[in-house]
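*Asks:* Input file: input.txt. Contents: compact mmCIF, C-alpha atoms.
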```
# COMPACT_ATOMS: atom_id res chain seq x y z
CA MET A 1 0.00 0.00 0.00
CA LEU A 2 2.82 2.41 0.92
CA TYR A 3 4.65 1.62 -2.34
CA ARG A 4 1.55 2.38 -4.38
CA SER A 5 1.10 5.65 -2.49
CA LEU A 6 4.62 6.69 -3.33
CA ILE A 7 4.61 5.91 -7.03
CA CYS A 8 1.15 7.33 -7.71
CA ARG A 9 1.94 10.89 -6.67
CA PRO A 10 2.05 13.67 -9.34
CA ASN A 11 5.79 14.10 -8.88
CA GLN A 12 6.39 10.38 -9.04
CA PHE A 13 9.14 10.54 -11.65
CA HIS A 14 11.05 13.22 -9.77
CA CYS A 15 10.94 11.28 -6.50
CA ARG A 16 11.65 7.95 -8.15
CA GLY A 17 14.66 9.61 -9.76
CA LYS A 18 15.86 10.68 -6.31
CA LEU A 19 15.38 7.19 -5.00
CA MET A 20 17.30 5.70 -7.92
CA ARG A 21 20.20 8.09 -7.26
CA ARG A 22 20.20 7.08 -3.58
CA CYS A 23 20.21 3.43 -4.60
CA ARG A 24 23.23 4.12 -6.76
CA SER A 25 24.89 5.67 -3.67
CA VAL A 26 24.25 2.49 -1.71
CA ASN A 27 25.58 0.37 -4.57
CA ARG A 28 28.70 2.55 -4.74
CA ILE A 29 29.32 2.14 -1.02
CA ASN A 30 28.83 -1.62 -1.29
CA SER A 31 31.32 -1.73 -4.18
CA GLU A 32 33.91 0.28 -2.23
CA VAL A 33 33.53 -1.94 0.83
CA SER A 34 34.03 -5.04 -1.29
CA THR A 35 37.15 -3.55 -2.89
CA LYS A 36 38.56 -2.54 0.47
CA LYS A 37 37.88 -5.98 1.88
CA GLU A 38 39.85 -7.57 -0.91
CA GLN A 39 42.73 -5.25 -0.03
CA GLY A 40 42.71 -6.36 3.59
CA PHE A 41 40.83 -3.25 4.65
CA PHE A 42 39.25 -4.71 7.75
CA LYS A 43 42.63 -5.73 9.13
CA ARG A 44 43.59 -2.04 9.20
CA LEU A 45 40.20 -0.60 10.18
CA PHE A 46 41.15 0.78 13.57
CA SER A 47 44.69 1.88 12.77
CA VAL A 48 44.50 3.95 9.59
CA THR A 49 42.90 7.38 9.90
CA ILE A 50 42.05 7.73 6.22
CA ASP A 51 39.91 4.60 6.36
CA ARG A 52 37.99 6.08 9.28
CA ASP A 53 37.34 9.17 7.16
CA HIS A 54 36.01 6.91 4.38
CA ILE A 55 33.63 5.31 6.87
CA PHE A 56 32.33 8.71 7.99
CA GLY A 57 31.76 9.62 4.35
CA TRP A 58 29.78 6.43 3.80
CA GLU A 59 27.78 7.09 6.98
CA LYS A 60 26.82 10.55 5.71
CA ASP A 61 25.68 9.09 2.38
CA LEU A 62 23.62 6.45 4.14
CA ASP A 63 22.16 9.08 6.47
CA ARG A 64 20.95 11.01 3.41
CA VAL A 65 19.32 7.87 2.05
CA LEU A 66 17.60 7.18 5.36
CA VAL A 67 16.32 10.75 5.63
CA LEU A 68 14.87 10.53 2.09
CA PHE A 69 13.16 7.22 2.79
CA LYS A 70 11.71 8.57 6.06
CA PHE A 71 10.40 11.64 4.23
CA GLU A 72 8.95 9.53 1.45
CA ALA A 73 7.18 7.27 3.92
CA ILE A 74 5.65 10.15 5.88
CA ALA A 75 4.66 12.09 2.77
CA GLY A 76 3.19 9.00 1.15
CA ILE A 77 0.94 8.34 4.10
CA ALA A 78 -0.01 12.01 4.42
CA ILE A 79 -1.32 12.35 0.83
CA ASP A 80 -2.97 8.98 0.40
CA VAL A 81 -6.37 10.56 -0.15
CA LYS A 82 -7.99 7.30 -1.16
CA ARG A 83 -8.29 6.18 2.47
CA PRO A 84 -11.07 7.38 4.76
CA THR A 85 -10.35 10.63 6.61
CA SER A 86 -10.68 8.98 10.02
CA GLU A 87 -8.13 6.33 9.06
CA ARG A 88 -5.69 8.95 7.79
CA ASN A 89 -6.04 10.95 11.01
CA ALA A 90 -5.47 7.87 13.13
CA ASN A 91 -2.32 6.98 11.25
CA ALA A 92 -1.05 10.56 11.37
CA ALA A 93 -1.53 10.63 15.14
CA SER A 94 0.31 7.36 15.60
CA ILE A 95 3.25 8.44 13.48
CA ASN A 96 3.24 12.05 14.68
CA ALA A 97 5.60 13.34 12.02
CA PRO A 98 7.60 16.08 13.80
CA LYS A 99 7.72 19.71 12.84
CA TYR A 100 11.47 19.95 12.34
CA LEU A 101 12.59 23.33 13.70
CA PRO A 102 15.81 22.44 15.56
CA LYS A 103 18.08 24.79 17.46
CA GLY A 104 21.59 24.78 16.03
CA PRO A 105 24.53 23.98 18.31
CA PRO A 106 26.26 26.90 20.07
CA SER A 107 29.56 28.20 18.74
CA ARG A 108 32.91 27.16 20.13
CA PRO A 109 33.83 29.44 23.06
CA THR A 110 36.48 32.04 22.29
CA MET A 111 37.72 31.93 25.89
CA PHE A 112 38.77 28.28 25.89
CA TYR A 113 42.26 27.30 26.95
CA GLY A 114 44.24 24.24 27.94
CA ARG A 115 41.77 21.49 27.12
CA ASP A 116 43.29 20.11 23.91
CA ASP A 117 44.26 16.74 25.38
CA LEU A 118 40.91 16.34 27.10
CA VAL A 119 39.00 17.27 23.93
CA ALA A 120 41.06 14.72 21.97
CA GLU A 121 40.35 12.03 24.57
CA LEU A 122 36.62 12.73 24.59
CA THR A 123 36.52 12.89 20.79
CA ASP A 124 38.02 9.41 20.66
CA LEU A 125 35.34 8.13 23.06
CA VAL A 126 32.56 9.58 20.90
CA VAL A 127 34.12 8.03 17.78
CA HIS A 128 33.86 4.68 19.55
CA ASP A 129 30.17 5.28 20.36
CA GLU A 130 30.64 5.78 24.10
CA HIS A 131 28.23 7.75 26.27
CA ILE A 132 30.15 10.23 28.45
CA ALA A 133 29.36 11.77 31.85
CA LEU A 134 31.55 14.79 32.62
CA ILE A 135 31.48 15.70 36.32
CA GLY A 136 32.77 18.73 38.17
CA PRO A 137 31.87 21.53 40.57
CA GLY A 138 30.34 24.76 39.35
CA GLY A 139 32.67 26.90 37.30
CA MET A 140 34.98 24.11 36.15
CA GLY A 141 34.15 24.76 32.49
CA LYS A 142 31.86 21.83 31.73
CA SER A 143 29.56 23.78 29.40
CA SER A 144 32.47 25.36 27.52
CA LEU A 145 34.03 21.94 27.07
CA ALA A 146 30.80 20.51 25.67
CA LYS A 147 30.47 23.38 23.19
CA ALA A 148 34.04 22.85 22.05
CA ILE A 149 33.41 19.15 21.47
CA LEU A 150 30.26 19.83 19.47
CA ASN A 151 32.28 22.05 17.15
CA GLU A 152 35.09 19.61 16.46
CA LYS A 153 35.60 19.29 12.70
CA LEU A 154 35.20 15.52 12.88
CA PHE A 155 31.76 15.86 14.45
CA ARG A 156 30.63 18.70 12.21
CA GLU A 157 31.22 16.34 9.30
CA LYS A 158 29.85 13.20 10.91
CA PHE A 159 26.74 14.60 12.60
CA SER A 160 26.20 17.77 10.54
CA ASP A 161 23.07 19.52 11.89
CA ARG A 162 22.32 16.59 14.20
CA ARG A 163 24.43 18.10 17.01
CA TYR A 164 22.26 19.29 19.88
CA PHE A 165 23.04 21.24 23.06
CA VAL A 166 20.22 20.82 25.57
CA THR A 167 20.64 22.94 28.70
CA TYR A 168 18.47 22.58 31.79
CA ASP A 169 19.87 25.74 33.32
CA GLY A 170 17.18 27.90 34.92
CA LEU A 171 14.92 25.03 35.93
CA ASP A 172 14.39 24.21 39.59
CA PRO A 173 15.28 20.67 40.72
CA SER A 174 12.65 20.92 43.45
CA THR A 175 9.86 21.48 40.92
CA ILE A 176 11.05 20.00 37.62
CA THR A 177 8.67 17.41 36.14
CA PHE A 178 9.05 14.67 33.58
CA ASP A 179 7.04 16.72 31.08
CA ALA A 180 9.32 19.72 31.60
CA PHE A 181 12.38 17.53 31.03
CA MET A 182 10.99 16.06 27.80
CA THR A 183 9.66 19.39 26.51
CA ARG A 184 13.09 21.02 26.91
CA LEU A 185 14.72 18.13 25.00
CA ALA A 186 12.08 18.11 22.27
CA GLY A 187 12.32 21.88 21.84
CA VAL A 188 16.02 21.72 21.01
CA LEU A 189 15.50 18.75 18.69
CA GLY A 190 12.82 20.73 16.89
CA ILE A 191 10.00 18.32 17.68
CA GLU A 192 6.49 19.46 18.53
CA LEU A 193 5.28 16.86 21.00
CA ALA A 194 1.69 15.64 20.93
CA GLY A 195 -0.10 12.95 22.88
CA ALA A 196 1.17 11.03 25.87
CA ASP A 197 4.10 8.97 24.50
CA HIS A 198 6.79 11.64 24.47
CA VAL A 199 9.64 9.14 24.76
CA GLY A 200 8.32 7.18 21.80
CA GLN A 201 8.02 10.29 19.62
CA ILE A 202 11.54 11.45 20.42
CA SER A 203 12.95 7.95 19.96
CA SER A 204 11.32 7.61 16.54
CA PHE A 205 12.85 10.92 15.47
CA LEU A 206 16.34 9.96 16.71
CA ARG A 207 16.38 6.58 14.96
CA VAL A 208 16.75 8.21 11.53
CA VAL A 209 20.44 9.22 11.48
CA SER A 210 23.45 9.48 13.79
CA THR A 211 22.97 12.12 16.48
CA LEU A 212 25.16 13.72 19.16
CA ILE A 213 23.29 15.18 22.16
CA VAL A 214 24.75 17.16 25.07
CA LEU A 215 22.62 17.30 28.23
CA ASP A 216 24.01 20.30 30.13
CA ASN A 217 23.27 21.16 33.77
CA ALA A 218 22.09 17.60 34.21
CA GLU A 219 22.18 17.96 38.00
CA ILE A 220 18.86 19.80 37.69
CA PHE A 221 16.95 16.68 36.68
CA GLU A 222 19.27 14.22 38.43
CA GLU A 223 18.46 15.95 41.70
CA ALA A 224 14.73 16.22 41.00
CA SER A 225 12.94 15.99 44.34
CA ALA A 226 9.60 14.99 42.83
CA SER A 227 9.30 11.22 43.06
CA ALA A 228 7.53 10.98 39.70
CA ALA A 229 10.38 12.82 37.96
CA LEU A 230 13.01 10.63 39.62
CA ARG A 231 11.06 7.56 38.56
CA GLU A 232 10.44 8.54 34.92
CA ILE A 233 13.43 10.61 33.74
CA PRO A 234 16.25 8.02 34.16
CA PRO A 235 14.45 5.30 32.11
CA ALA A 236 13.76 7.87 29.38
CA ILE A 237 17.47 8.74 29.20
CA ALA A 238 18.36 5.04 29.10
CA GLU A 239 15.91 4.45 26.24
CA VAL A 240 17.43 7.28 24.21
CA ALA A 241 20.94 6.02 24.98
CA ASP A 242 20.02 2.57 23.62
CA ILE A 243 19.15 3.94 20.17
CA PRO A 244 21.86 2.92 17.66
CA GLY A 245 23.75 5.94 16.38
CA VAL A 246 22.79 8.21 19.30
CA ILE A 247 25.63 9.44 21.54
CA LEU A 248 24.95 11.26 24.82
CA ILE A 249 27.35 13.61 26.60
CA LEU A 250 26.11 14.54 30.05
CA MET A 251 27.50 17.53 32.00
CA SER A 252 26.73 17.58 35.70
CA ARG A 253 27.77 18.65 39.17
CA SER A 254 26.15 15.47 40.45
CA ARG A 255 27.34 11.89 40.15
CA ARG A 256 23.80 10.59 40.37
CA ASN A 257 23.74 9.84 36.65
CA ALA A 258 20.99 7.78 35.03
CA PRO A 259 21.43 4.05 35.68
CA ASN A 260 21.25 1.43 32.93
CA VAL A 261 23.47 3.58 30.71
CA GLU A 262 27.09 2.56 30.18
CA TRP A 263 28.58 5.95 31.02
CA ILE A 264 32.28 6.64 30.74
CA THR A 265 32.65 9.02 33.69
CA LYS A 266 35.33 11.71 33.62
CA ASP A 267 36.12 14.29 36.29
CA ILE A 268 36.87 17.70 34.76
CA PRO A 269 40.30 18.82 36.00
CA PRO A 270 41.36 22.43 36.68
CA LEU A 271 43.46 24.28 34.13
CA ASP A 272 47.22 23.89 34.03
CA LEU A 273 49.42 26.87 35.00
CA SER A 274 50.16 27.95 31.43
CA SER A 275 46.48 27.90 30.40
CA ALA A 276 45.38 29.69 33.58
CA TRP A 277 47.99 32.39 32.96
CA GLN A 278 46.88 32.79 29.34
CA ALA A 279 43.19 32.99 30.27
CA PHE A 280 43.83 35.53 33.05
CA PHE A 281 45.86 37.95 30.93
CA ARG A 282 43.55 37.59 27.95
CA ILE A 283 41.01 39.49 30.08
CA TYR A 284 43.22 41.58 32.37
CA ARG A 285 45.75 43.66 30.43
CA PRO A 286 47.54 46.05 32.77
CA ALA A 287 49.97 48.64 31.48
CA SER A 288 52.79 46.81 33.24
CA ARG A 289 52.94 43.50 35.04
CA SER A 290 56.66 42.80 35.17
CA ASN A 291 56.98 43.61 38.87
CA ALA A 292 54.08 41.39 39.95
CA GLU A 293 54.22 38.31 37.71
CA GLY A 294 55.48 36.06 40.50
CA GLU A 295 52.77 37.21 42.92
CA ILE A 296 50.01 36.85 40.33
CA MET A 297 51.23 33.36 39.50
CA ASN A 298 50.98 32.48 43.20
CA LEU A 299 47.48 33.96 43.28
CA LEU A 300 46.38 31.73 40.39
CA LYS A 301 47.87 28.75 42.21
CA GLU A 302 45.96 29.77 45.34
CA LEU A 303 42.77 29.51 43.27
CA GLU A 304 43.93 26.06 42.13
CA PHE A 305 43.50 27.20 38.51
CA HIS A 306 39.72 27.06 38.81
CA PRO A 307 38.47 28.46 35.44
CA LEU A 308 35.52 30.53 36.68
CA SER A 309 37.47 32.01 39.59
CA ILE A 310 40.28 33.07 37.26
CA ASN A 311 37.76 34.66 34.92
CA LEU A 312 36.00 36.51 37.75
CA LEU A 313 39.25 37.72 39.28
CA ALA A 314 40.56 39.02 35.94
CA ASN A 315 37.28 40.80 35.19
CA ALA A 316 37.18 42.40 38.64
CA ALA A 317 40.70 43.77 38.12
CA ARG A 318 39.92 45.00 34.61
CA GLN A 319 36.59 46.62 35.47
CA ASN A 320 37.99 48.41 38.52
CA GLY A 321 41.18 49.49 36.75
CA TRP A 322 43.37 47.89 39.42
CA SER A 323 47.10 47.67 38.95
CA PRO A 324 48.63 44.26 39.72
CA ALA A 325 49.71 45.59 43.13
CA MET A 326 46.17 46.81 43.89
CA LEU A 327 44.72 43.47 42.80
CA LEU A 328 47.01 41.61 45.18
CA GLU A 329 46.09 43.98 48.01
CA ARG A 330 42.35 43.59 47.34
CA TRP A 331 42.65 39.80 47.34
CA LYS A 332 44.54 39.88 50.64
CA ASP A 333 41.81 41.99 52.27
CA GLN A 334 38.64 40.60 50.67
CA ARG A 335 39.33 37.11 49.35
CA SER A 336 36.22 35.54 47.86
CA VAL A 337 34.24 38.81 47.97
CA ILE A 338 36.18 39.87 44.87
CA LEU A 339 34.64 36.93 43.01
CA ASN A 340 31.11 38.28 43.56
CA HIS A 341 31.12 41.42 41.45
CA GLY A 342 28.21 40.57 39.13
CA GLU A 343 24.89 38.76 38.90
CA GLY A 344 24.26 35.16 37.86
CA LYS A 345 26.44 32.10 38.05
CA LEU A 346 28.90 33.31 35.39
CA GLN A 347 29.62 36.56 37.23
CA ASN A 348 29.23 35.64 40.87
CA PHE A 349 30.89 32.70 42.62
CA SER A 350 28.52 32.90 45.61
CA TYR A 351 25.60 32.46 43.23
CA THR A 352 27.25 29.36 41.78
CA MET A 353 27.78 27.97 45.27
CA GLN A 354 24.18 28.62 46.27
CA LEU A 355 23.00 26.55 43.29
CA SER A 356 24.91 23.56 44.67
CA LEU A 357 23.91 24.17 48.29
CA SER A 358 20.23 24.44 47.35
CA SER A 359 20.12 21.02 45.68
CA PRO A 360 17.57 18.69 47.31
CA SER A 361 20.30 16.24 48.40
CA ILE A 362 22.17 18.93 50.34
CA GLN A 363 18.97 20.43 51.72
CA LYS A 364 17.99 17.06 53.18
CA LEU A 365 21.15 17.12 55.31
CA GLY A 366 20.02 20.35 56.97
CA GLU A 367 22.48 22.05 59.29
CA ASP A 368 24.75 18.99 59.26
CA ALA A 369 25.90 19.81 55.72
CA ARG A 370 27.06 23.28 56.76
CA ARG A 371 28.85 21.96 59.83
CA ALA A 372 30.72 19.30 57.83
CA LEU A 373 31.72 21.83 55.15
CA VAL A 374 33.02 24.27 57.78
CA VAL A 375 35.20 21.62 59.40
CA ILE A 376 36.63 20.46 56.06
CA ALA A 377 37.32 24.05 54.98
CA PHE A 378 39.21 24.94 58.17
CA LEU A 379 41.43 21.84 58.20
CA PRO A 380 44.57 22.61 56.12
CA LYS A 381 44.83 19.10 54.68
CA GLY A 382 41.13 18.30 54.76
CA LEU A 383 39.24 15.79 56.86
CA ASN A 384 41.02 12.53 57.61
CA THR A 385 38.38 9.87 57.00
CA ASN A 386 39.93 7.60 59.64
CA LEU A 387 39.51 10.29 62.28
CA ALA A 388 36.22 11.80 61.12
CA ARG A 389 34.07 10.32 63.88
CA ASP A 390 36.53 11.45 66.56
CA LEU A 391 36.79 14.97 65.16
CA LEU A 392 33.03 15.32 64.74
CA PRO A 393 31.39 13.35 67.57
CA SER A 394 28.25 15.48 67.17
CA LEU A 395 27.88 14.14 63.61
CA PRO A 396 27.59 10.36 63.96
CA GLU A 397 26.61 10.13 60.27
CA VAL A 398 29.63 12.11 59.10
CA SER A 399 30.65 9.41 56.58
CA ALA A 400 27.23 9.45 54.93
CA ILE A 401 27.25 13.26 54.91
CA CYS A 402 30.64 13.30 53.18
CA ASP A 403 29.30 10.83 50.62
CA VAL A 404 26.54 13.28 49.69
CA LEU A 405 28.97 16.21 49.54
CA CYS A 406 31.21 14.20 47.22
CA MET A 407 28.21 13.21 45.11
CA GLN A 408 27.49 16.93 44.58
CA SER A 409 31.14 17.83 43.80
CA LEU A 410 31.41 20.13 46.82
CA VAL A 411 34.32 18.06 48.15
CA TYR A 412 36.51 15.31 46.75
CA ARG A 413 38.48 12.34 48.05
CA GLN A 414 42.24 12.15 47.85
CA ASP A 415 44.05 9.32 49.59
CA ASN A 416 42.42 9.14 53.05
CA PHE A 417 41.27 12.76 53.12
CA ILE A 418 38.11 14.63 52.19
CA LYS A 419 39.30 17.84 50.54
CA MET A 420 37.80 20.99 49.12
CA LEU A 421 38.67 23.02 46.02
CA ALA A 422 40.31 26.33 46.99
CA PRO A 423 37.54 28.70 45.79
CA ILE A 424 34.93 26.63 47.63
CA ARG A 425 37.12 26.65 50.73
CA HIS A 426 37.46 30.46 50.58
CA PHE A 427 33.69 30.80 50.15
CA VAL A 428 32.96 28.60 53.17
CA ARG A 429 35.50 30.35 55.37
CA ASP A 430 34.26 33.80 54.39
CA SER A 431 30.57 32.90 54.67
CA TRP A 432 30.39 30.83 57.85
CA PRO A 433 32.27 31.15 61.16
CA PRO A 434 34.25 28.18 62.51
CA LEU A 435 32.45 25.79 64.81
CA ASP A 436 32.85 26.16 68.56
```
Could I get this file's structure written as structure tokens?
*Replies:*
Amino acid sequence: MLYRSLICRPNQFHCRGKLMRRCRSVNRINSEVSTKKEQGFFKRLFSVTIDRDHIFGWEKDLDRVLVLFKFEAIAGIAIDVKRPTSERNANAASINAPKYLPKGPPSRPTMFYGRDDLVAELTDLVVHDEHIALIGPGGMGKSSLAKAILNEKLFREKFSDRRYFVTYDGLDPSTITFDAFMTRLAGVLGIELAGADHVGQISSFLRVVSTLIVLDNAEIFEEASASAALREIPPAIAEVADIPGVILILMSRSRRNAPNVEWITKDIPPLDLSSAWQAFFRIYRPASRSNAEGEIMNLLKELEFHPLSINLLANAARQNGWSPAMLLERWKDQRSVILNHGEGKLQNFSYTMQLSLSSPSIQKLGEDARRALVVIAFLPKGLNTNLARDLLPSLPEVSAICDVLCMQSLVYRQDNFIKMLAPIRHFVRDSWPPLD
């Protein structure tokens, strides 16, 4: 029936001509594969870069064929006027052909330094069809890293306009619903959802060609406090991850990533000294810095090369017209207050911290979370896990509390110690007094 619908349309010869050209593309690919096989191609498949490029070229050709066939099938059903109207409406509802108005991927950040090795590593994982979870505290550069990956030449060629950046920034984890999660995803994909089966509609759309999807600020839905959202969102992510040709990159402050997905989890490291120096002086350009280079280098080290803190510090110095000597004096007197000169999480470190502290997991700990953070911040080497119960007898559940803090990237484990990133430590010390 579908075949008759396709060949009976007024533009049948035009469309059949397109289909014949696509068939010739498939035949050409088949011929090339056969030739390569005779040359021992498959023995060299994973070692020769040019062969990988051939494969990507074939994938793009096949993607075009699949898109044409999908369009032909939907159009054929839509114009089959010989069937009763009720039957056509029923079929249209079940197929729910999407209105394709996607949002293009964001550009590569101009302020992006020192991540070449990490980008190369993550690119290799995507090439091998791995789903990636990138974890780190606020301000570590997760979003910038994702945007850089989306704009890699290899992925622009492989995925073309099927590269999507879905951000959940601005939503509240205490109120987010499953429908809100799916609507945000569908909006970026360009799908107009209808009916109840949102997962099915999105899955059908994604099965057409290879797709790369970034889920940014994933802690928002991973920390959803509504039981229905926690119950429904992870299976939806797992179903999307199971679609052949779909690769997910998840950016989150939380380690509570969707189960039943084979994530490759990577912790985002700070910048190296050279990259931190370059980023700082790209923003802050004093008339002379020769007499203060050593002190500024120590200041960047004191911030542990945290990307957002370096950006905020450089902007504060530039906007206030501080000399290097004045900058050092201001930091000595004010510490983390200097990092709070604007509004929003990209201009105010306290705002970024409050986003983490207001997560449902931290809120459930109540005052115990603050007390544990204060102790960790005021111990020079961090909290020795073997002595935690002795140091904090008033917190019998200190181990479980530290587990939650680690889960939310507010602290991290190193050897037998629970430690805190320098900007977070300065924030805690400046915001809360030490315990009695």
*Asks:* Within 10 Å of (42.1, 10.8, 50.6), only C-alpha atoms: residues as an mmCIF file with C-alpha atoms, in the frame of the given file?
*Replies:*
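Saved as out36.cif:
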```cif
data_model
loop_
_atom_site.group_PDB
_atom_site.id
_atom_site.type_symbol
_atom_site.label_atom_id
_atom_site.label_comp_id
_atom_site.auth_asym_id
_atom_site.auth_seq_id
_atom_site.Cartn_x
_atom_site.Cartn_y
_atom_site.Cartn_z
ATOM 1 C CA LYS A 381 44.830 19.100 54.680
ATOM 2 C CA GLY A 382 41.130 18.300 54.760
ATOM 3 C CA LEU A 383 39.240 15.790 56.860
ATOM 4 C CA ASN A 384 41.020 12.530 57.610
ATOM 5 C CA THR A 385 38.380 9.870 57.000
ATOM 6 C CA ASN A 386 39.930 7.600 59.640
ATOM 7 C CA TYR A 412 36.510 15.310 46.750
ATOM 8 C CA ARG A 413 38.480 12.340 48.050
ATOM 9 C CA GLN A 414 42.240 12.150 47.850
ATOM 10 C CA ASP A 415 44.050 9.320 49.590
ATOM 11 C CA ASN A 416 42.420 9.140 53.050
ATOM 12 C CA PHE A 417 41.270 12.760 53.120
ATOM 13 C CA ILE A 418 38.110 14.630 52.190
ATOM 14 C CA LYS A 419 39.300 17.840 50.540
#
```
*Asks:* Between atom CA of Ser359 of chain A and atom CA of Ser409 of chain A, what is the spacing in Å?
*Replies:*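 Result for atom CA of Ser409 of chain A versus atom CA of Ser359 of chain A: 11.6 Å, one decimal.
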*Asks:* Here's a test: counting only C-alpha atoms, identify every protein, DNA and RNA residue with an atom at most 8 Å from (49.9, 31.0, 26.9) in the file's coordinate frame, and state them as a ChimeraX atom specification.
*Replies:* /A:274-275,277-279
*Asks:* Print the selection's residues with C-alpha atoms to a file, as a PDB file, in the frame of the given file.
*Replies:*
```
ATOM      1  CA  SER A 274      50.160  27.950  31.430  1.00  0.00           C
ATOM      2  CA  SER A 275      46.480  27.900  30.400  1.00  0.00           C
ATOM      3  CA  TRP A 277      47.990  32.390  32.960  1.00  0.00           C
ATOM      4  CA  GLN A 278      46.880  32.790  29.340  1.00  0.00           C
ATOM      5  CA  ALA A 279      43.190  32.990  30.270  1.00  0.00           C
TER       6      ALA A 279
END
```
*Asks:* In Å, how far is it from atom CA of Asp430 of chain A to atom CA of Ala377 of chain A?
*Replies:*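 Going from atom CA of Asp430 of chain A over to atom CA of Ala377 of chain A, I get 10.2 Å.
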*Asks:* I need the residue nearest Ile362 of chain A from this list: A:Glu293, A:Glu223, A:Asp390, A:Glu397. Use all atoms listed in the file for the distance.
*Replies:*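 Closest candidate: A:Glu223.
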*Asks:* At what distance in Å, to one decimal, does atom CA of Ile247 of chain A lie from atom CA of Thr211 of chain A?
*Replies:*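 It comes out at 6.3 Å.
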*Asks:* What's around Ala372 of chain A at 10 Å? Count all atoms listed in the file, leave out sequence neighbours fewer than 4 positions away in its own chain, and write the answer as a list in words.
*Replies:*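 Within the cut-off, the hits are Glu367, Asp368, Ile376, Ala377, Leu383, Ala388, Leu392, Leu395, Val398, Ser399, Ile401, Cys402, Leu405 and Leu435 of chain A.
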*Asks:* Enumerate, in order of chain and increasing residue number, the residues of segment 356-419 of chain A with an atom no farther than 12 Å from segment 342-350 of chain A, each with its shortest atom pair and distance in Å to one decimal, counting only C-alpha atoms, as a Markdown table.
*Replies:*
```
| residue | atom | partner | partner_atom | distance |
| --- | --- | --- | --- | --- |
| A:Ser356 | CA | A:Ser350 | CA | 10.1 |
| A:Leu357 | CA | A:Ser350 | CA | 10.2 |
| A:Ser358 | CA | A:Ser350 | CA | 12.0 |
```
*Asks:* Would you save the residues of that selection, restricted to C-alpha atoms, as a PDB file, in the coordinates of the input?
*Replies:*
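The resulting result_0.pdb:
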```pdb
ATOM      1  CA  SER A 356      24.910  23.560  44.670  1.00  0.00           C
ATOM      2  CA  LEU A 357      23.910  24.170  48.290  1.00  0.00           C
ATOM      3  CA  SER A 358      20.230  24.440  47.350  1.00  0.00           C
TER       4      SER A 358
END
```
*Asks:* When you count all atoms listed in the file, which of these residues is closest to Ser254 of chain A: A:Phe112, A:Phe221, A:Phe178, A:Phe281?
*Replies:* A:Phe221
*Asks:* Extract, using only C-alpha atoms, all DNA, RNA and protein residues at most 8 Å from Gly139 of chain A, discarding same-chain residues fewer than 6 positions from it, and format them as a PDB file with C-alpha atoms, in the frame of the given file.
*Replies:*
```
ATOM      1  CA  HIS A 306      39.720  27.060  38.810  1.00  0.00           C
ATOM      2  CA  PRO A 307      38.470  28.460  35.440  1.00  0.00           C
ATOM      3  CA  LEU A 308      35.520  30.530  36.680  1.00  0.00           C
ATOM      4  CA  SER A 309      37.470  32.010  39.590  1.00  0.00           C
ATOM      5  CA  LEU A 346      28.900  33.310  35.390  1.00  0.00           C
ATOM      6  CA  THR A 352      27.250  29.360  41.780  1.00  0.00           C
TER       7      THR A 352
END
```
*Asks:* Find, counting only C-alpha atoms, the residue in A:Leu303, A:Leu193, A:Met251, A:Val126 that gets nearest to Ala276 of chain A.
*Replies:*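 Ranked by minimum distance to Ala276 of chain A, first place goes to A:Leu303.
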*Asks:* Which is closest to Asp267 of chain A among A:Arg163, A:Lys142, A:Arg425, A:Lys332, if we use all atoms listed in the file?
*Replies:*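 That would be A:Lys142, the residue with the smallest distance to Asp267 of chain A.
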*Asks:* Restricting the calculation to all atoms listed in the file, which member of A:Pro109, A:Pro286, A:Pro137, A:Gly104 is positioned closest to Gln354 of chain A?
*Replies:*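 Comparing A:Pro109, A:Pro286, A:Pro137, A:Gly104 against Gln354 of chain A, the winner is A:Pro137.
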*Asks:* Excluding Lys301 of chain A and residues on its chain fewer than 3 positions from it, collect all residues at most 10 Å away from it, counting all atoms listed in the file, and give them as a ChimeraX atom specification.
*Replies:* /A:272-273,276-277,295-298,304-306,422
*Asks:* Output as lines of an AutoDock Vina configuration file the centre and edge lengths (Å, one decimal) of the box along x, y and z of the file that holds every listed atom of segment 143-150 of chain A after adding 8 Å on each side.
*Replies:*
```
center_x = 31.8
center_y = 22.3
center_z = 24.4
size_x = 20.5
size_y = 22.2
size_z = 25.9
```
*Asks:* Can you pull out the residues contacting segment 317-320 of chain A? Cut-off 8 Å, using all atoms listed in the file, and skip same-chain residues under 6 positions away; I want them as a ChimeraX atom specification.
*Replies:* /A:283-286,327
*Asks:* Could you list, as an MDAnalysis selection string, every residue within 8 Å of segment 431-434 of chain A, counting only C-alpha atoms and ignoring same-chain residues fewer than 5 positions away?
*Replies:* chainID A and resid 374:375 378
